[in-house]
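Engineer: Sharing target-v4.cif (mmCIF, C-alpha atoms and all ligand atoms) below.
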```cif
data_structure
#
loop_
_atom_site.label_atom_id
_atom_site.label_comp_id
_atom_site.auth_asym_id
_atom_site.auth_seq_id
_atom_site.Cartn_x
_atom_site.Cartn_y
_atom_site.Cartn_z
CA MET A 1 -19.28 2.74 21.05
CA ALA A 2 -22.98 1.83 20.92
CA ASP A 3 -22.67 1.22 17.14
CA PHE A 4 -19.65 -0.94 17.72
CA ARG A 5 -21.42 -3.03 20.34
CA LYS A 6 -24.26 -3.75 17.86
CA LEU A 7 -21.80 -4.81 15.16
CA PHE A 8 -19.85 -6.92 17.63
CA ALA A 9 -22.99 -8.67 18.91
CA LYS A 10 -23.92 -9.98 15.46
CA ALA A 11 -20.45 -10.66 14.04
CA LYS A 12 -19.73 -14.34 13.33
CA HIS A 13 -16.11 -14.05 12.27
CA ILE A 14 -13.92 -11.37 13.80
CA VAL A 15 -10.34 -10.61 12.82
CA ILE A 16 -8.21 -8.62 15.25
CA ILE A 17 -5.08 -7.03 13.79
CA SER A 18 -2.72 -6.05 16.58
CA GLY A 19 0.53 -4.18 17.00
CA ALA A 20 2.97 -2.96 19.63
CA GLY A 21 0.36 -0.73 21.32
CA VAL A 22 -1.46 -3.78 22.64
CA SER A 23 1.63 -4.65 24.70
CA ALA A 24 2.39 -1.07 25.80
CA GLU A 25 0.41 -1.44 29.03
CA SER A 26 2.52 -4.51 29.84
CA GLY A 27 5.58 -2.25 29.74
CA VAL A 28 6.88 -3.36 26.33
CA PRO A 29 8.06 -0.32 24.35
CA THR A 30 6.42 0.40 20.99
CA PHE A 31 8.42 1.30 17.88
CA ARG A 32 7.22 4.73 16.89
CA GLY A 33 5.50 6.15 19.98
CA ALA A 34 7.14 8.00 22.89
CA GLY A 35 10.07 5.88 24.10
CA GLY A 36 9.70 3.74 20.97
CA TYR A 37 12.66 1.77 19.59
CA TRP A 38 12.67 3.59 16.26
CA ARG A 39 12.76 6.94 18.07
CA LYS A 40 16.04 5.97 19.73
CA TRP A 41 17.65 3.83 17.05
CA LYS A 42 17.52 3.58 13.28
CA ALA A 43 15.50 0.64 11.96
CA GLN A 44 18.00 0.34 9.06
CA ASP A 45 20.77 -0.39 11.59
CA LEU A 46 18.86 -3.07 13.51
CA ALA A 47 15.98 -4.53 11.55
CA THR A 48 17.27 -5.26 8.05
CA PRO A 49 19.23 -8.23 6.64
CA GLN A 50 21.89 -5.72 5.54
CA ALA A 51 22.37 -4.54 9.13
CA PHE A 52 22.76 -8.16 10.26
CA ALA A 53 25.33 -8.86 7.53
CA ARG A 54 27.28 -5.70 8.46
CA ASN A 55 27.15 -6.00 12.22
CA PRO A 56 25.57 -9.19 13.59
CA SER A 57 26.67 -8.48 17.19
CA GLN A 58 24.83 -5.16 17.24
CA VAL A 59 21.66 -6.80 15.95
CA TRP A 60 22.01 -9.69 18.43
CA GLU A 61 22.50 -7.21 21.24
CA PHE A 62 19.30 -5.39 20.29
CA TYR A 63 17.23 -8.59 20.17
CA HIS A 64 18.86 -9.97 23.30
CA TYR A 65 17.84 -6.78 25.09
CA ARG A 66 14.30 -7.09 23.66
CA ARG A 67 14.04 -10.71 24.87
CA GLU A 68 15.16 -9.64 28.34
CA VAL A 69 12.60 -6.82 28.43
CA VAL A 70 9.78 -9.18 27.49
CA GLN A 71 10.80 -12.01 29.83
CA SER A 72 9.61 -10.06 32.86
CA LYS A 73 6.37 -8.89 31.23
CA GLU A 74 2.90 -10.34 31.54
CA PRO A 75 -0.17 -10.07 29.31
CA ASN A 76 -2.30 -7.04 30.18
CA ALA A 77 -6.07 -6.56 30.31
CA GLY A 78 -6.14 -6.03 26.53
CA HIS A 79 -4.43 -9.36 25.73
CA LEU A 80 -6.66 -11.14 28.26
CA ALA A 81 -9.85 -9.57 26.91
CA ILE A 82 -8.91 -10.68 23.38
CA ALA A 83 -8.21 -14.25 24.55
CA GLU A 84 -11.41 -14.35 26.60
CA CYS A 85 -13.35 -13.04 23.59
CA GLU A 86 -12.00 -15.86 21.39
CA ALA A 87 -12.94 -18.49 23.97
CA ARG A 88 -16.43 -17.06 24.68
CA LEU A 89 -17.37 -16.52 21.06
CA GLY A 90 -15.94 -19.94 20.20
CA ARG A 91 -18.46 -21.53 22.60
CA GLN A 92 -21.19 -19.72 20.63
CA GLY A 93 -19.92 -21.11 17.32
CA ARG A 94 -18.37 -17.74 16.35
CA ARG A 95 -14.77 -17.32 15.27
CA VAL A 96 -12.04 -14.89 16.37
CA ALA A 97 -8.61 -14.79 14.72
CA VAL A 98 -5.74 -12.60 15.86
CA ILE A 99 -3.19 -11.41 13.32
CA THR A 100 -0.36 -9.83 15.28
CA GLN A 101 2.78 -8.00 14.22
CA ASN A 102 4.20 -8.49 17.72
CA ILE A 103 6.98 -10.95 18.41
CA ASP A 104 6.56 -10.84 22.21
CA GLU A 105 4.23 -13.87 22.45
CA LEU A 106 2.01 -12.09 25.00
CA HIS A 107 -1.17 -12.94 23.03
CA ARG A 108 -0.21 -16.62 23.26
CA LYS A 109 0.64 -16.27 26.95
CA ALA A 110 -2.81 -14.72 27.50
CA GLY A 111 -4.44 -17.80 25.97
CA THR A 112 -5.16 -16.74 22.39
CA LYS A 113 -5.18 -19.90 20.25
CA ASN A 114 -6.11 -18.79 16.76
CA LEU A 115 -3.04 -16.60 16.37
CA LEU A 116 -0.93 -15.61 13.35
CA GLU A 117 2.40 -14.02 14.34
CA ILE A 118 3.23 -12.51 10.96
CA HIS A 119 6.53 -10.82 11.95
CA GLY A 120 7.91 -13.93 13.66
CA LEU A 121 9.09 -14.61 17.19
CA GLN A 122 11.94 -13.56 19.41
CA ASN A 123 13.78 -16.88 19.36
CA LEU A 124 16.72 -17.53 17.06
CA LYS A 125 17.00 -19.44 13.83
CA LEU A 126 20.03 -20.63 11.90
CA LYS A 127 21.05 -18.42 8.97
CA MET A 128 21.04 -21.14 6.32
CA PRO A 129 18.93 -21.77 3.21
CA GLU A 130 15.31 -21.24 4.34
CA SER A 131 14.35 -24.89 3.98
CA GLN A 132 17.01 -25.80 6.53
CA TRP A 133 16.23 -23.20 9.22
CA ARG A 134 16.03 -24.69 12.66
CA ASN A 135 14.62 -22.97 15.72
CA PHE A 136 16.49 -22.45 18.93
CA PRO A 137 15.00 -21.32 22.22
CA GLY A 138 17.20 -18.23 22.25
CA GLY A 139 20.23 -17.02 24.10
CA CYS A 140 22.98 -18.70 22.09
CA GLU A 141 24.44 -17.05 19.01
CA GLU A 142 26.39 -19.89 17.45
CA ALA A 143 25.11 -23.34 16.60
CA ALA A 144 27.27 -26.47 16.79
CA CYS A 145 27.67 -26.49 13.00
CA GLY A 146 29.20 -22.98 13.11
CA GLY A 147 26.37 -21.27 11.19
CA LEU A 148 25.16 -17.84 12.23
CA LEU A 149 21.98 -17.64 14.27
CA ARG A 150 19.61 -14.77 13.70
CA PRO A 151 16.41 -13.62 15.37
CA HIS A 152 13.38 -15.42 13.96
CA VAL A 153 11.71 -12.18 12.90
CA VAL A 154 10.80 -10.49 9.62
CA TRP A 155 13.02 -7.52 8.88
CA PHE A 156 12.40 -4.69 6.44
CA GLY A 157 12.87 -5.85 2.87
CA GLU A 158 12.19 -9.48 3.77
CA ASN A 159 9.16 -11.42 2.67
CA LEU A 160 6.68 -12.64 5.24
CA ASP A 161 6.18 -16.41 5.50
CA PRO A 162 3.90 -17.20 2.52
CA ALA A 163 1.99 -19.89 4.44
CA ILE A 164 1.18 -17.46 7.29
CA LEU A 165 0.24 -14.74 4.78
CA GLU A 166 -2.07 -17.15 3.00
CA GLU A 167 -3.76 -18.06 6.27
CA ALA A 168 -4.11 -14.37 7.16
CA GLY A 169 -5.61 -13.76 3.72
CA ARG A 170 -8.20 -16.50 4.31
CA GLU A 171 -9.24 -15.00 7.67
CA LEU A 172 -9.42 -11.49 6.21
CA ALA A 173 -11.48 -12.65 3.23
CA LEU A 174 -14.06 -14.34 5.46
CA CYS A 175 -14.37 -11.95 8.40
CA ASP A 176 -17.47 -9.83 8.96
CA LEU A 177 -15.86 -7.48 11.52
CA CYS A 178 -12.28 -6.30 11.85
CA LEU A 179 -10.61 -4.67 14.88
CA VAL A 180 -7.31 -2.84 14.50
CA VAL A 181 -5.65 -2.61 17.90
CA GLY A 182 -2.52 -0.70 18.88
CA THR A 183 -0.78 -0.42 15.54
CA SER A 184 0.36 2.68 13.66
CA SER A 185 -0.61 0.85 10.44
CA VAL A 186 2.41 2.13 8.55
CA VAL A 187 4.22 -1.17 7.94
CA TYR A 188 3.23 -3.27 4.93
CA PRO A 189 1.75 -5.70 4.20
CA ALA A 190 -0.11 -5.52 7.58
CA ALA A 191 -1.03 -1.88 6.87
CA MET A 192 -3.20 -2.89 3.94
CA PHE A 193 -5.17 -5.66 5.69
CA ALA A 194 -7.84 -3.43 7.28
CA PRO A 195 -8.27 -1.15 4.23
CA GLN A 196 -8.76 -4.31 2.11
CA VAL A 197 -11.42 -5.62 4.49
CA SER A 198 -13.09 -2.22 4.58
CA ALA A 199 -13.10 -2.05 0.78
CA ARG A 200 -15.47 -5.03 0.67
CA GLY A 201 -17.88 -3.21 2.97
CA VAL A 202 -16.91 -4.95 6.22
CA PRO A 203 -16.86 -2.69 9.29
CA VAL A 204 -13.44 -1.91 10.74
CA ALA A 205 -12.95 -0.41 14.19
CA GLU A 206 -9.64 1.02 15.32
CA PHE A 207 -8.57 0.97 18.97
CA ASN A 208 -5.71 3.36 19.43
CA ILE A 209 -4.76 6.30 21.62
CA GLU A 210 -3.84 8.29 18.49
CA ALA A 211 -5.33 8.78 15.05
CA THR A 212 -3.59 6.76 12.34
CA PRO A 213 -3.57 7.45 8.60
CA ALA A 214 -5.25 4.09 7.93
CA ALA A 215 -8.42 5.06 9.82
CA SER A 216 -9.39 7.52 7.08
CA THR A 217 -9.64 4.61 4.63
CA PHE A 218 -12.13 2.63 6.74
CA SER A 219 -15.41 3.07 4.92
CA CYS A 220 -18.03 1.72 7.31
CA PHE A 221 -16.89 2.38 10.83
CA ASP A 222 -14.34 5.08 11.26
CA GLY A 223 -12.89 3.71 14.44
CA ARG A 224 -13.66 5.71 17.53
CA LYS A 225 -10.35 6.08 19.34
CA GLU A 226 -10.34 3.88 22.40
CA SER A 227 -7.35 3.30 24.63
CA ILE A 228 -6.91 -0.31 25.61
CA LYS A 229 -5.76 0.87 29.02
CA PRO A 230 -7.68 -0.94 31.74
CA ARG A 231 -10.19 1.45 33.30
C1 LIG B 301 -1.87 2.18 21.85
C2 LIG B 301 -1.58 2.15 23.17
C3 LIG B 301 -2.61 1.73 24.00
C4 LIG B 301 0.26 2.87 22.14
N1 LIG B 301 -3.75 1.40 23.45
N2 LIG B 301 -2.96 1.87 21.24
C5 LIG B 301 4.38 -0.99 0.26
C6 LIG B 301 4.52 0.39 0.30
C7 LIG B 301 5.61 0.96 0.92
C8 LIG B 301 6.62 0.19 1.53
C9 LIG B 301 6.48 -1.17 1.48
C10 LIG B 301 5.38 -1.75 0.86
N3 LIG B 301 5.48 -3.11 0.99
C11 LIG B 301 6.61 -3.37 1.69
C12 LIG B 301 7.24 -2.23 1.99
C13 LIG B 301 8.51 -2.11 2.75
C14 LIG B 301 8.34 -2.31 4.23
C15 LIG B 301 7.41 -1.23 4.80
O1 LIG B 301 6.26 -1.45 5.10
N4 LIG B 301 7.93 -0.04 5.00
C16 LIG B 301 7.10 1.04 5.58
C17 LIG B 301 7.76 1.56 6.86
C18 LIG B 301 6.88 2.08 4.55
N5 LIG B 301 7.81 -3.63 4.55
C19 LIG B 301 8.58 -4.69 4.54
O2 LIG B 301 9.74 -4.64 4.25
C20 LIG B 301 7.92 -6.02 4.92
N6 LIG B 301 8.24 -6.99 3.93
C21 LIG B 301 7.59 -7.07 2.75
O3 LIG B 301 6.55 -6.46 2.54
O4 LIG B 301 8.19 -7.90 1.84
C22 LIG B 301 7.88 -7.71 0.47
C23 LIG B 301 8.47 -6.38 -0.03
C24 LIG B 301 9.71 -5.97 0.43
C25 LIG B 301 10.25 -4.73 0.00
C26 LIG B 301 9.50 -3.92 -0.85
C27 LIG B 301 8.26 -4.35 -1.29
C28 LIG B 301 7.74 -5.59 -0.87
C29 LIG B 301 8.49 -6.51 6.25
C30 LIG B 301 8.13 -5.62 7.39
C31 LIG B 301 8.84 -6.10 8.65
C32 LIG B 301 8.62 -5.16 9.83
N7 LIG B 301 9.53 -5.50 10.84
C33 LIG B 301 9.44 -4.85 12.14
C34 LIG B 301 10.67 -5.32 13.00
C35 LIG B 301 10.79 -6.84 13.12
C36 LIG B 301 10.08 -7.42 14.30
C37 LIG B 301 10.62 -6.87 15.60
O5 LIG B 301 11.81 -6.57 15.75
O6 LIG B 301 9.81 -6.75 16.54
O7 LIG B 301 8.20 -5.16 12.78
S1 LIG B 301 9.44 -3.06 12.06
C38 LIG B 301 8.29 -2.82 13.39
O8 LIG B 301 7.09 -2.21 12.85
C39 LIG B 301 7.91 -4.24 13.85
C40 LIG B 301 6.42 -4.07 14.05
O9 LIG B 301 5.78 -5.32 14.03
C41 LIG B 301 6.01 -3.15 12.92
C42 LIG B 301 4.70 -2.44 13.13
O10 LIG B 301 4.76 -1.57 14.23
P1 LIG B 301 3.49 -1.38 15.16
O11 LIG B 301 3.16 -2.64 15.83
O12 LIG B 301 2.41 -0.74 14.40
O13 LIG B 301 4.08 -0.40 16.31
P2 LIG B 301 4.19 1.20 16.30
O14 LIG B 301 5.12 1.59 17.37
O15 LIG B 301 4.45 1.72 14.95
O16 LIG B 301 2.70 1.67 16.70
C43 LIG B 301 2.15 1.44 17.98
C44 LIG B 301 0.74 2.00 18.00
O17 LIG B 301 0.14 1.67 19.24
C45 LIG B 301 0.69 3.53 17.86
O18 LIG B 301 -0.28 3.86 16.86
C46 LIG B 301 0.23 4.00 19.24
O19 LIG B 301 -0.58 5.15 19.18
C47 LIG B 301 -0.56 2.80 19.72
N8 LIG B 301 -0.67 2.66 21.17
N9 LIG B 301 -0.24 2.58 23.33
C48 LIG B 301 -3.92 1.46 22.11
N10 LIG B 301 -2.38 1.69 25.32
#
```
Re-express the file's structure as structure tokens.
Ligand code: BJW
Structural biologist:
Amino acid sequence: MADFRKLFAKAKHIVIISGAGVSAESGVPTFRGAGGYWRKWKAQDLATPQAFARNPSQVWEFYHYRREVVQSKEPNAGHLAIAECEARLGRQGRRVAVITQNIDELHRKAGTKNLLEIHGLQNLKLKMPESQWRNFPGGCEEAACGGLLRPHVVWFGENLDPAILEEAGRELALCDLCLVVGTSSVVYPAAMFAPQVSARGVPVAEFNIEATPAASTFSCFDGRKESIKPR
């Protein structure tokens, strides 16, 4: 941790890549850990465009349940520390960007401003040609025009928003320290962000309660395992 503190003190541009583990202490289930969604249900039945085409009600039900779970949840000490870090470093002319795979909006609720939500949000969008998608606050499944609404998230086999990916690429290319927080780092393209940063010699620190396969590819800082649980 002493090494990390030294790196953190001199970093001018920090990218934080986060995943479901950052929200675990808020009571939001992860995907692959104990009690995780993909331990109970098959991702192919709930998080693919094919599943939505086959059985939209089942997919709606899953995301409706997820929205309800999150509605009662608040940012935890981890979200707040990240937001506070962005604000404090910002006052010193240093930059923090958060690239999250989470759709729960808890980073935003905690006050994080420079935030890229690469897997989307929990609200609904109309299933129409992409250029015509319109956002809805959530809750309703049918729009006035009769089109199908779907969760505004990125499912397996779908491309991430190119504009958001481009912005993430810019942050990753410029950062001089990268933190990987609460993600199993198995889902692409997010899983390759930290290894890419590490490959150009930038230190990467992983904060997780378990070892992940990605940590072995971090060349400079092998990521001491730190729980983000408040002490
Ligand atoms: C704590 C903690 C505490 C707990 N403190 N830590 C290249 C190679 C192979 C496959 C592919 C590839 N490129 C694309 C693919 C296919 C696919 C993919 O990656 N598959 C892999 C599973 C192999 N990717 C895609 O399809 C992506 N699209 C794409 O790349 O398009 C182009 C393309 C398509 C097809 C082929 C090739 C190219 C889209 C991915 C969309 C992912 N969608 C989901 C669901 C939607 C959103 C939602 O419903 O919420 O996103 S799946 C799910 O996984 C969700 C998450 O955002 C994502 C990541 O999970 P995360 O956050 O890491 O959670 P967990 O549960 O896995 O881990 C939690 C971690 O926290 C654990 O490590 C714990 O230990 C830790 N933890 N408590 C610290 N207190």
Engineer: Taking into account all atoms listed in the file, which residue in the set A:Glu166, A:Glu74, A:Glu158, A:Asp45 is nearest to Tyr188 in chain A?
Structural biologist: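 When distances to Tyr188 in chain A are compared using all atoms listed in the file, the smallest one comes from A:Glu158.
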Engineer: For ligand LIG 301 (chain B), which of A:Tyr65, A:Phe4, A:Trp60, A:Phe31 is the closest residue, counting only C-alpha atoms and all ligand atoms?
Structural biologist: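 Among the listed residues, A:Phe31 lies closest to ligand LIG 301 (chain B).
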Engineer: Choose the residue, out of A:Thr48, A:Asn76, A:Gln196, A:Asn102, that has the smallest atom-to-atom separation from Gln122 in chain A; count only C-alpha atoms.
Structural biologist: A:Asn102
Engineer: With 12 Å as the threshold, what does the neighbourhood of (-14.2, -1.5, 13.7) contain in terms of residues, counting all atoms listed in the file? Coordinates are those of the file; answer as a PyMOL selection string.
Structural biologist: chain A and resi 1-8+11+14-17+175-181+194-195+197-198+201-208+215+217-226
Engineer: Dump the neighbourhood of ligand LIG 301 (chain B) as a PyMOL selection string: all residues within 8 Å, distances computed on all atoms listed in the file.
Structural biologist: chain A and resi 18-25+29-33+36-38+43+47+63+100-104+119-122+153-160+181-191+207-212+226-229
Engineer: Restricting the output to C-alpha atoms, write the selected residues as an mmCIF file, in the frame of the given file.
Structural biologist:
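Done, and the output landed in result-v6.cif:
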```
data_model
loop_
_atom_site.group_PDB
_atom_site.id
_atom_site.type_symbol
_atom_site.label_atom_id
_atom_site.label_comp_id
_atom_site.auth_asym_id
_atom_site.auth_seq_id
_atom_site.Cartn_x
_atom_site.Cartn_y
_atom_site.Cartn_z
ATOM 1 C CA SER A 18 -2.720 -6.050 16.580
ATOM 2 C CA GLY A 19 0.530 -4.180 17.000
ATOM 3 C CA ALA A 20 2.970 -2.960 19.630
ATOM 4 C CA GLY A 21 0.360 -0.730 21.320
ATOM 5 C CA VAL A 22 -1.460 -3.780 22.640
ATOM 6 C CA SER A 23 1.630 -4.650 24.700
ATOM 7 C CA ALA A 24 2.390 -1.070 25.800
ATOM 8 C CA GLU A 25 0.410 -1.440 29.030
ATOM 9 C CA PRO A 29 8.060 -0.320 24.350
ATOM 10 C CA THR A 30 6.420 0.400 20.990
ATOM 11 C CA PHE A 31 8.420 1.300 17.880
ATOM 12 C CA ARG A 32 7.220 4.730 16.890
ATOM 13 C CA GLY A 33 5.500 6.150 19.980
ATOM 14 C CA GLY A 36 9.700 3.740 20.970
ATOM 15 C CA TYR A 37 12.660 1.770 19.590
ATOM 16 C CA TRP A 38 12.670 3.590 16.260
ATOM 17 C CA ALA A 43 15.500 0.640 11.960
ATOM 18 C CA ALA A 47 15.980 -4.530 11.550
ATOM 19 C CA TYR A 63 17.230 -8.590 20.170
ATOM 20 C CA THR A 100 -0.360 -9.830 15.280
ATOM 21 C CA GLN A 101 2.780 -8.000 14.220
ATOM 22 C CA ASN A 102 4.200 -8.490 17.720
ATOM 23 C CA ILE A 103 6.980 -10.950 18.410
ATOM 24 C CA ASP A 104 6.560 -10.840 22.210
ATOM 25 C CA HIS A 119 6.530 -10.820 11.950
ATOM 26 C CA GLY A 120 7.910 -13.930 13.660
ATOM 27 C CA LEU A 121 9.090 -14.610 17.190
ATOM 28 C CA GLN A 122 11.940 -13.560 19.410
ATOM 29 C CA VAL A 153 11.710 -12.180 12.900
ATOM 30 C CA VAL A 154 10.800 -10.490 9.620
ATOM 31 C CA TRP A 155 13.020 -7.520 8.880
ATOM 32 C CA PHE A 156 12.400 -4.690 6.440
ATOM 33 C CA GLY A 157 12.870 -5.850 2.870
ATOM 34 C CA GLU A 158 12.190 -9.480 3.770
ATOM 35 C CA ASN A 159 9.160 -11.420 2.670
ATOM 36 C CA LEU A 160 6.680 -12.640 5.240
ATOM 37 C CA VAL A 181 -5.650 -2.610 17.900
ATOM 38 C CA GLY A 182 -2.520 -0.700 18.880
ATOM 39 C CA THR A 183 -0.780 -0.420 15.540
ATOM 40 C CA SER A 184 0.360 2.680 13.660
ATOM 41 C CA SER A 185 -0.610 0.850 10.440
ATOM 42 C CA VAL A 186 2.410 2.130 8.550
ATOM 43 C CA VAL A 187 4.220 -1.170 7.940
ATOM 44 C CA TYR A 188 3.230 -3.270 4.930
ATOM 45 C CA PRO A 189 1.750 -5.700 4.200
ATOM 46 C CA ALA A 190 -0.110 -5.520 7.580
ATOM 47 C CA ALA A 191 -1.030 -1.880 6.870
ATOM 48 C CA PHE A 207 -8.570 0.970 18.970
ATOM 49 C CA ASN A 208 -5.710 3.360 19.430
ATOM 50 C CA ILE A 209 -4.760 6.300 21.620
ATOM 51 C CA GLU A 210 -3.840 8.290 18.490
ATOM 52 C CA ALA A 211 -5.330 8.780 15.050
ATOM 53 C CA THR A 212 -3.590 6.760 12.340
ATOM 54 C CA GLU A 226 -10.340 3.880 22.400
ATOM 55 C CA SER A 227 -7.350 3.300 24.630
ATOM 56 C CA ILE A 228 -6.910 -0.310 25.610
ATOM 57 C CA LYS A 229 -5.760 0.870 29.020
#
```
Engineer: Tell me, in Å to one decimal, how far CA of Pro75 in chain A is from CA of Glu61 in chain A.
Structural biologist: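 CA of Glu61 in chain A lies 24.2 Å from CA of Pro75 in chain A.
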Engineer: Smallest atom-to-atom distance to His79 in chain A: which of A:Leu116, A:Val59, A:Val98, A:Ala110, using only C-alpha atoms?
Structural biologist: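 Closest to His79 in chain A of all the choices is A:Ala110.
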Engineer: As an exercise, work out the distance from CA of Ala51 in chain A to CA of Ala214 in chain A in Å and give it to one decimal place.
Structural biologist: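 We find that CA of Ala51 in chain A and CA of Ala214 in chain A lie 29.0 Å from each other.
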Engineer: Which of these residues is nearest to Lys40 in chain A, using only C-alpha atoms: A:Leu80, A:Pro56, A:Asn123, A:Phe62?
Structural biologist: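 Nearest candidate to Lys40 in chain A out of A:Leu80, A:Pro56, A:Asn123, A:Phe62: A:Phe62.
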Engineer: So what do you get for CA of Leu115 in chain A versus CA of Arg88 in chain A, distance-wise?
Structural biologist: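 Taking CA of Leu115 in chain A as the start and CA of Arg88 in chain A as the end point, the length is 15.8 Å.
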Engineer: Between A:Ile82, A:Val96, A:Leu106, A:Leu149, single out the one closest to Glu171 in chain A, counting only C-alpha atoms.
Structural biologist: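 Result for the nearest residue to Glu171 in chain A: A:Val96.
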Engineer: Box time for range 105-115 of chain A: axis-aligned, enclosing all its listed atoms, 6 Å extra on each side; report centre and edge lengths in Å to one decimal, as AutoDock Vina command-line options.
Structural biologist:
```
--center_x -0.9 --center_y -16.0 --center_z 21.9 --size_x 22.3 --size_y 19.8 --size_z 23.1
```
Engineer: For Arg170 in chain A, work out the shell of residues within 12 Å, counting all atoms listed in the file and skipping chain neighbours fewer than 2 positions away, then give it as a list of chain:residue names.
Structural biologist: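 Everything that qualifies: A:His13, A:Val15, A:Ala97, A:Ile99, A:Leu116, A:Ala163, A:Ile164, A:Leu165, A:Glu166, A:Glu167, A:Ala168, A:Leu172, A:Ala173, A:Leu174, A:Cys175, A:Phe193, A:Val197.
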Engineer: Next, write the just-selected residues to a file, as a compact mmCIF listing (two decimals), keeping the file's coordinate frame, keeping C-alpha atoms as the atom set.
Structural biologist:
```
# COMPACT_ATOMS: atom_id res chain seq x y z
CA HIS A 13 -16.11 -14.05 12.27
CA VAL A 15 -10.34 -10.61 12.82
CA ALA A 97 -8.61 -14.79 14.72
CA ILE A 99 -3.19 -11.41 13.32
CA LEU A 116 -0.93 -15.61 13.35
CA ALA A 163 1.99 -19.89 4.44
CA ILE A 164 1.18 -17.46 7.29
CA LEU A 165 0.24 -14.74 4.78
CA GLU A 166 -2.07 -17.15 3.00
CA GLU A 167 -3.76 -18.06 6.27
CA ALA A 168 -4.11 -14.37 7.16
CA LEU A 172 -9.42 -11.49 6.21
CA ALA A 173 -11.48 -12.65 3.23
CA LEU A 174 -14.06 -14.34 5.46
CA CYS A 175 -14.37 -11.95 8.40
CA PHE A 193 -5.17 -5.66 5.69
CA VAL A 197 -11.42 -5.62 4.49
```
